[in-house]
>>> print(open('query22.txt').read())   # compact mmCIF, C-alpha atoms
# COMPACT_ATOMS: atom_id res chain seq x y z
CA MET A 1 74.02 140.48 101.15
CA THR A 2 76.56 139.13 103.53
CA ALA A 3 79.36 136.82 102.48
CA ASP A 4 79.91 133.67 104.47
CA LEU A 5 83.63 132.78 104.68
CA ALA A 6 82.86 129.05 104.82
CA THR A 7 81.28 129.09 101.38
CA ALA A 8 83.66 131.63 99.79
CA PRO A 9 85.93 130.26 97.04
CA VAL A 10 89.06 131.82 98.59
CA PRO A 11 90.11 128.86 100.81
CA GLY A 12 89.75 126.47 97.88
CA LEU A 13 91.79 128.74 95.64
CA LEU A 14 94.47 129.10 98.30
CA LEU A 15 94.65 125.33 98.65
CA LEU A 16 94.91 124.92 94.88
CA PHE A 17 97.63 127.58 94.75
CA ALA A 18 99.57 125.87 97.55
CA VAL A 19 99.35 122.49 95.81
CA LEU A 20 100.51 123.95 92.50
CA ILE A 21 103.44 125.76 94.12
CA GLY A 22 104.38 122.57 95.96
CA ALA A 23 104.26 120.53 92.76
CA LEU A 24 106.37 123.10 90.93
CA GLY A 25 108.91 123.18 93.76
CA GLY A 26 109.07 119.38 93.81
CA ALA A 27 109.65 119.28 90.06
CA VAL A 28 112.49 121.78 90.34
CA VAL A 29 114.15 119.86 93.18
CA LEU A 30 113.81 116.57 91.27
CA SER A 31 115.24 118.12 88.11
CA ILE A 32 118.27 119.46 89.98
CA ALA A 33 118.88 116.09 91.65
CA LEU A 34 118.70 114.24 88.32
CA TYR A 35 121.01 116.79 86.68
CA LYS A 36 123.62 116.39 89.42
CA ASP A 37 123.39 112.60 89.18
CA GLN A 38 123.93 112.61 85.42
CA ARG A 39 126.73 115.16 85.74
CA ALA A 40 128.54 112.88 88.21
CA LYS A 41 128.28 109.94 85.78
CA LEU A 42 129.62 111.90 82.80
CA PRO A 43 133.39 111.22 83.20
CA LYS A 44 132.88 107.44 83.47
CA TRP A 45 130.49 107.45 80.52
CA SER A 46 132.95 109.48 78.45
CA LEU A 47 135.76 106.99 79.08
CA GLN A 48 133.49 104.07 78.18
CA ARG A 49 132.35 105.80 75.01
CA ASN A 50 135.92 106.50 73.89
CA ALA A 51 136.85 102.85 74.46
CA TRP A 52 133.79 101.77 72.47
CA LEU A 53 134.65 104.10 69.58
CA GLN A 54 138.09 102.47 69.25
CA ARG A 55 136.67 98.93 68.94
CA PHE A 56 135.83 97.18 65.73
CA TYR A 57 133.72 94.10 65.06
CA CYS A 58 134.81 91.30 62.74
CA ARG A 59 131.75 89.78 61.07
CA ARG A 60 133.66 86.71 59.97
CA CYS A 61 135.04 85.89 63.44
CA ALA A 62 132.26 87.56 65.46
CA VAL A 63 134.91 89.15 67.68
CA GLN A 64 135.40 92.70 68.91
CA PHE A 65 138.96 93.98 68.64
CA VAL A 66 141.08 97.10 68.81
CA PRO A 67 143.39 97.44 65.78
CA ARG A 68 147.11 97.68 66.51
CA THR A 69 147.30 101.18 65.03
CA VAL A 70 144.78 102.38 67.61
CA ALA A 71 145.83 100.17 70.53
CA ALA A 72 148.24 101.47 73.14
CA PRO A 73 151.81 100.23 72.70
CA ARG A 74 152.82 97.26 74.83
CA PRO A 75 155.76 97.70 77.20
>>> encode(input="query22.txt", output="structure tokens")
Amino acid sequence: MTADLATAPVPGLLLLFAVLIGALGGAVVLSIALYKDQRAKLPKWSLQRNAWLQRFYCRRCAVQFVPRTVAAPRP
């Protein structure tokens, strides 16, 4: 029996392996890019969150406000 390289499963397996490695590499690169993007937005988000935590909502007036005890002193 002689093996014909054209019908051997090796080229198909190599192609499958290359596609899987490429997909894995792409996923890693995308994950790193998204992580860096979110990391860059963190300081702005933190400031906005702190400002939001200091606000209160008056149900009667339907107004958001910052109580004087929490608000920064006026010059």
>>> atom_distance(input="query22.txt", atom1="atom CA of Arg68 of chain A", atom2="atom CA of Ala51 of chain A")
14.0 Å
>>> atom_distance(input="query22.txt", atom1="atom CA of Gln38 of chain A", atom2="atom CA of Asn50 of chain A")
17.7 Å
>>> residues_around(input="query22.txt", residues="Gln64 of chain A", least_positions_apart="4", cutoff="10 Å", atoms="all atoms listed in the file", output="PDB file with C-alpha atoms, keeping the file's coordinate frame")
ATOM      1  CA  TRP A  52     133.790 101.770  72.470  1.00  0.00           C
ATOM      2  CA  ARG A  55     136.670  98.930  68.940  1.00  0.00           C
ATOM      3  CA  PHE A  56     135.830  97.180  65.730  1.00  0.00           C
ATOM      4  CA  TYR A  57     133.720  94.100  65.060  1.00  0.00           C
ATOM      5  CA  CYS A  58     134.810  91.300  62.740  1.00  0.00           C
ATOM      6  CA  ARG A  59     131.750  89.780  61.070  1.00  0.00           C
TER       7      ARG A  59
END
>>> atom_distance(input="query22.txt", atom1="atom CA of Leu47 of chain A", atom2="atom CA of Arg60 of chain A")
27.9 Å
>>> decode(input="query22.txt", residues="segment 13-55 of chain A", atoms="N, CA and C atoms", output="PDB file, in the first residue's frame")
ATOM      1  N   LEU A  13      -5.677  18.678   8.457  1.00  0.00           N
ATOM      2  CA  LEU A  13      -5.434  18.889   9.880  1.00  0.00           C
ATOM      3  C   LEU A  13      -4.548  20.103  10.123  1.00  0.00           C
ATOM      4  N   LEU A  14      -3.546  20.286   9.258  1.00  0.00           N
ATOM      5  CA  LEU A  14      -2.684  21.458   9.386  1.00  0.00           C
ATOM      6  C   LEU A  14      -3.471  22.743   9.160  1.00  0.00           C
ATOM      7  N   LEU A  15      -4.373  22.734   8.199  1.00  0.00           N
ATOM      8  CA  LEU A  15      -5.207  23.898   7.947  1.00  0.00           C
ATOM      9  C   LEU A  15      -6.119  24.167   9.144  1.00  0.00           C
ATOM     10  N   LEU A  16      -6.719  23.133   9.684  1.00  0.00           N
ATOM     11  CA  LEU A  16      -7.563  23.291  10.864  1.00  0.00           C
ATOM     12  C   LEU A  16      -6.762  23.834  12.043  1.00  0.00           C
ATOM     13  N   PHE A  17      -5.573  23.304  12.244  1.00  0.00           N
ATOM     14  CA  PHE A  17      -4.699  23.774  13.317  1.00  0.00           C
ATOM     15  C   PHE A  17      -4.349  25.242  13.126  1.00  0.00           C
ATOM     16  N   ALA A  18      -4.020  25.642  11.903  1.00  0.00           N
ATOM     17  CA  ALA A  18      -3.668  27.034  11.624  1.00  0.00           C
ATOM     18  C   ALA A  18      -4.854  27.963  11.874  1.00  0.00           C
ATOM     19  N   VAL A  19      -6.043  27.536  11.491  1.00  0.00           N
ATOM     20  CA  VAL A  19      -7.237  28.355  11.713  1.00  0.00           C
ATOM     21  C   VAL A  19      -7.516  28.497  13.207  1.00  0.00           C
ATOM     22  N   LEU A  20      -7.397  27.412  13.951  1.00  0.00           N
ATOM     23  CA  LEU A  20      -7.628  27.470  15.394  1.00  0.00           C
ATOM     24  C   LEU A  20      -6.610  28.357  16.097  1.00  0.00           C
ATOM     25  N   ILE A  21      -5.353  28.258  15.725  1.00  0.00           N
ATOM     26  CA  ILE A  21      -4.310  29.098  16.324  1.00  0.00           C
ATOM     27  C   ILE A  21      -4.566  30.565  15.970  1.00  0.00           C
ATOM     28  N   GLY A  22      -4.963  30.820  14.737  1.00  0.00           N
ATOM     29  CA  GLY A  22      -5.280  32.193  14.332  1.00  0.00           C
ATOM     30  C   GLY A  22      -6.457  32.758  15.105  1.00  0.00           C
ATOM     31  N   ALA A  23      -7.487  31.953  15.306  1.00  0.00           N
ATOM     32  CA  ALA A  23      -8.654  32.403  16.063  1.00  0.00           C
ATOM     33  C   ALA A  23      -8.287  32.673  17.521  1.00  0.00           C
ATOM     34  N   LEU A  24      -7.483  31.807  18.087  1.00  0.00           N
ATOM     35  CA  LEU A  24      -7.045  32.005  19.471  1.00  0.00           C
ATOM     36  C   LEU A  24      -6.199  33.266  19.595  1.00  0.00           C
ATOM     37  N   GLY A  25      -5.291  33.469  18.659  1.00  0.00           N
ATOM     38  CA  GLY A  25      -4.462  34.675  18.675  1.00  0.00           C
ATOM     39  C   GLY A  25      -5.308  35.933  18.512  1.00  0.00           C
ATOM     40  N   GLY A  26      -6.292  35.889  17.636  1.00  0.00           N
ATOM     41  CA  GLY A  26      -7.180  37.035  17.453  1.00  0.00           C
ATOM     42  C   GLY A  26      -7.975  37.339  18.708  1.00  0.00           C
ATOM     43  N   ALA A  27      -8.432  36.302  19.389  1.00  0.00           N
ATOM     44  CA  ALA A  27      -9.183  36.493  20.630  1.00  0.00           C
ATOM     45  C   ALA A  27      -8.312  37.127  21.711  1.00  0.00           C
ATOM     46  N   VAL A  28      -7.069  36.708  21.785  1.00  0.00           N
ATOM     47  CA  VAL A  28      -6.151  37.279  22.777  1.00  0.00           C
ATOM     48  C   VAL A  28      -5.885  38.745  22.474  1.00  0.00           C
ATOM     49  N   VAL A  29      -5.624  39.066  21.215  1.00  0.00           N
ATOM     50  CA  VAL A  29      -5.358  40.454  20.828  1.00  0.00           C
ATOM     51  C   VAL A  29      -6.581  41.329  21.097  1.00  0.00           C
ATOM     52  N   LEU A  30      -7.769  40.841  20.772  1.00  0.00           N
ATOM     53  CA  LEU A  30      -8.995  41.592  21.019  1.00  0.00           C
ATOM     54  C   LEU A  30      -9.224  41.799  22.513  1.00  0.00           C
ATOM     55  N   SER A  31      -8.973  40.784  23.306  1.00  0.00           N
ATOM     56  CA  SER A  31      -9.142  40.902  24.757  1.00  0.00           C
ATOM     57  C   SER A  31      -8.200  41.944  25.340  1.00  0.00           C
ATOM     58  N   ILE A  32      -6.975  41.960  24.892  1.00  0.00           N
ATOM     59  CA  ILE A  32      -6.002  42.944  25.385  1.00  0.00           C
ATOM     60  C   ILE A  32      -6.417  44.346  24.977  1.00  0.00           C
ATOM     61  N   ALA A  33      -6.883  44.521  23.751  1.00  0.00           N
ATOM     62  CA  ALA A  33      -7.318  45.843  23.288  1.00  0.00           C
ATOM     63  C   ALA A  33      -8.513  46.340  24.104  1.00  0.00           C
ATOM     64  N   LEU A  34      -9.482  45.467  24.360  1.00  0.00           N
ATOM     65  CA  LEU A  34     -10.645  45.864  25.152  1.00  0.00           C
ATOM     66  C   LEU A  34     -10.256  46.184  26.588  1.00  0.00           C
ATOM     67  N   TYR A  35      -9.333  45.427  27.154  1.00  0.00           N
ATOM     68  CA  TYR A  35      -8.866  45.680  28.514  1.00  0.00           C
ATOM     69  C   TYR A  35      -8.196  47.046  28.611  1.00  0.00           C
ATOM     70  N   LYS A  36      -7.344  47.361  27.654  1.00  0.00           N
ATOM     71  CA  LYS A  36      -6.662  48.662  27.672  1.00  0.00           C
ATOM     72  C   LYS A  36      -7.651  49.803  27.499  1.00  0.00           C
ATOM     73  N   ASP A  37      -8.675  49.610  26.662  1.00  0.00           N
ATOM     74  CA  ASP A  37      -9.681  50.643  26.453  1.00  0.00           C
ATOM     75  C   ASP A  37     -10.459  50.903  27.744  1.00  0.00           C
ATOM     76  N   GLN A  38     -10.878  49.845  28.411  1.00  0.00           N
ATOM     77  CA  GLN A  38     -11.624  50.005  29.659  1.00  0.00           C
ATOM     78  C   GLN A  38     -10.745  50.589  30.756  1.00  0.00           C
ATOM     79  N   ARG A  39      -9.493  50.215  30.768  1.00  0.00           N
ATOM     80  CA  ARG A  39      -8.552  50.738  31.774  1.00  0.00           C
ATOM     81  C   ARG A  39      -8.344  52.235  31.593  1.00  0.00           C
ATOM     82  N   ALA A  40      -8.347  52.707  30.340  1.00  0.00           N
ATOM     83  CA  ALA A  40      -8.180  54.133  30.068  1.00  0.00           C
ATOM     84  C   ALA A  40      -9.412  54.925  30.501  1.00  0.00           C
ATOM     85  N   LYS A  41     -10.592  54.305  30.451  1.00  0.00           N
ATOM     86  CA  LYS A  41     -11.829  54.986  30.824  1.00  0.00           C
ATOM     87  C   LYS A  41     -12.087  54.973  32.327  1.00  0.00           C
ATOM     88  N   LEU A  42     -11.337  54.211  33.082  1.00  0.00           N
ATOM     89  CA  LEU A  42     -11.603  54.030  34.508  1.00  0.00           C
ATOM     90  C   LEU A  42     -11.541  55.322  35.323  1.00  0.00           C
ATOM     91  N   PRO A  43     -10.537  56.204  35.172  1.00  0.00           N
ATOM     92  CA  PRO A  43     -10.518  57.420  35.995  1.00  0.00           C
ATOM     93  C   PRO A  43     -11.745  58.308  35.778  1.00  0.00           C
ATOM     94  N   LYS A  44     -12.170  58.491  34.530  1.00  0.00           N
ATOM     95  CA  LYS A  44     -13.344  59.310  34.243  1.00  0.00           C
ATOM     96  C   LYS A  44     -14.592  58.672  34.847  1.00  0.00           C
ATOM     97  N   TRP A  45     -14.725  57.362  34.704  1.00  0.00           N
ATOM     98  CA  TRP A  45     -15.874  56.664  35.245  1.00  0.00           C
ATOM     99  C   TRP A  45     -15.902  56.782  36.767  1.00  0.00           C
ATOM    100  N   SER A  46     -14.748  56.690  37.401  1.00  0.00           N
ATOM    101  CA  SER A  46     -14.669  56.780  38.854  1.00  0.00           C
ATOM    102  C   SER A  46     -15.127  58.153  39.345  1.00  0.00           C
ATOM    103  N   LEU A  47     -14.707  59.216  38.656  1.00  0.00           N
ATOM    104  CA  LEU A  47     -15.142  60.557  39.034  1.00  0.00           C
ATOM    105  C   LEU A  47     -16.651  60.716  38.859  1.00  0.00           C
ATOM    106  N   GLN A  48     -17.189  60.196  37.770  1.00  0.00           N
ATOM    107  CA  GLN A  48     -18.625  60.287  37.537  1.00  0.00           C
ATOM    108  C   GLN A  48     -19.406  59.483  38.569  1.00  0.00           C
ATOM    109  N   ARG A  49     -18.889  58.348  38.953  1.00  0.00           N
ATOM    110  CA  ARG A  49     -19.563  57.526  39.954  1.00  0.00           C
ATOM    111  C   ARG A  49     -19.583  58.218  41.308  1.00  0.00           C
ATOM    112  N   ASN A  50     -18.457  58.822  41.698  1.00  0.00           N
ATOM    113  CA  ASN A  50     -18.406  59.529  42.976  1.00  0.00           C
ATOM    114  C   ASN A  50     -19.383  60.705  42.998  1.00  0.00           C
ATOM    115  N   ALA A  51     -19.483  61.429  41.887  1.00  0.00           N
ATOM    116  CA  ALA A  51     -20.439  62.532  41.809  1.00  0.00           C
ATOM    117  C   ALA A  51     -21.868  61.999  41.917  1.00  0.00           C
ATOM    118  N   TRP A  52     -22.140  60.865  41.285  1.00  0.00           N
ATOM    119  CA  TRP A  52     -23.471  60.277  41.339  1.00  0.00           C
ATOM    120  C   TRP A  52     -23.813  59.817  42.755  1.00  0.00           C
ATOM    121  N   LEU A  53     -22.837  59.252  43.461  1.00  0.00           N
ATOM    122  CA  LEU A  53     -23.091  58.772  44.823  1.00  0.00           C
ATOM    123  C   LEU A  53     -23.421  59.913  45.783  1.00  0.00           C
ATOM    124  N   GLN A  54     -22.985  61.125  45.493  1.00  0.00           N
ATOM    125  CA  GLN A  54     -23.247  62.255  46.373  1.00  0.00           C
ATOM    126  C   GLN A  54     -24.604  62.906  46.109  1.00  0.00           C
ATOM    127  N   ARG A  55     -25.264  62.564  45.013  1.00  0.00           N
ATOM    128  CA  ARG A  55     -26.550  63.162  44.663  1.00  0.00           C
ATOM    129  C   ARG A  55     -27.704  62.425  45.338  1.00  0.00           C
TER     130      ARG A  55
END
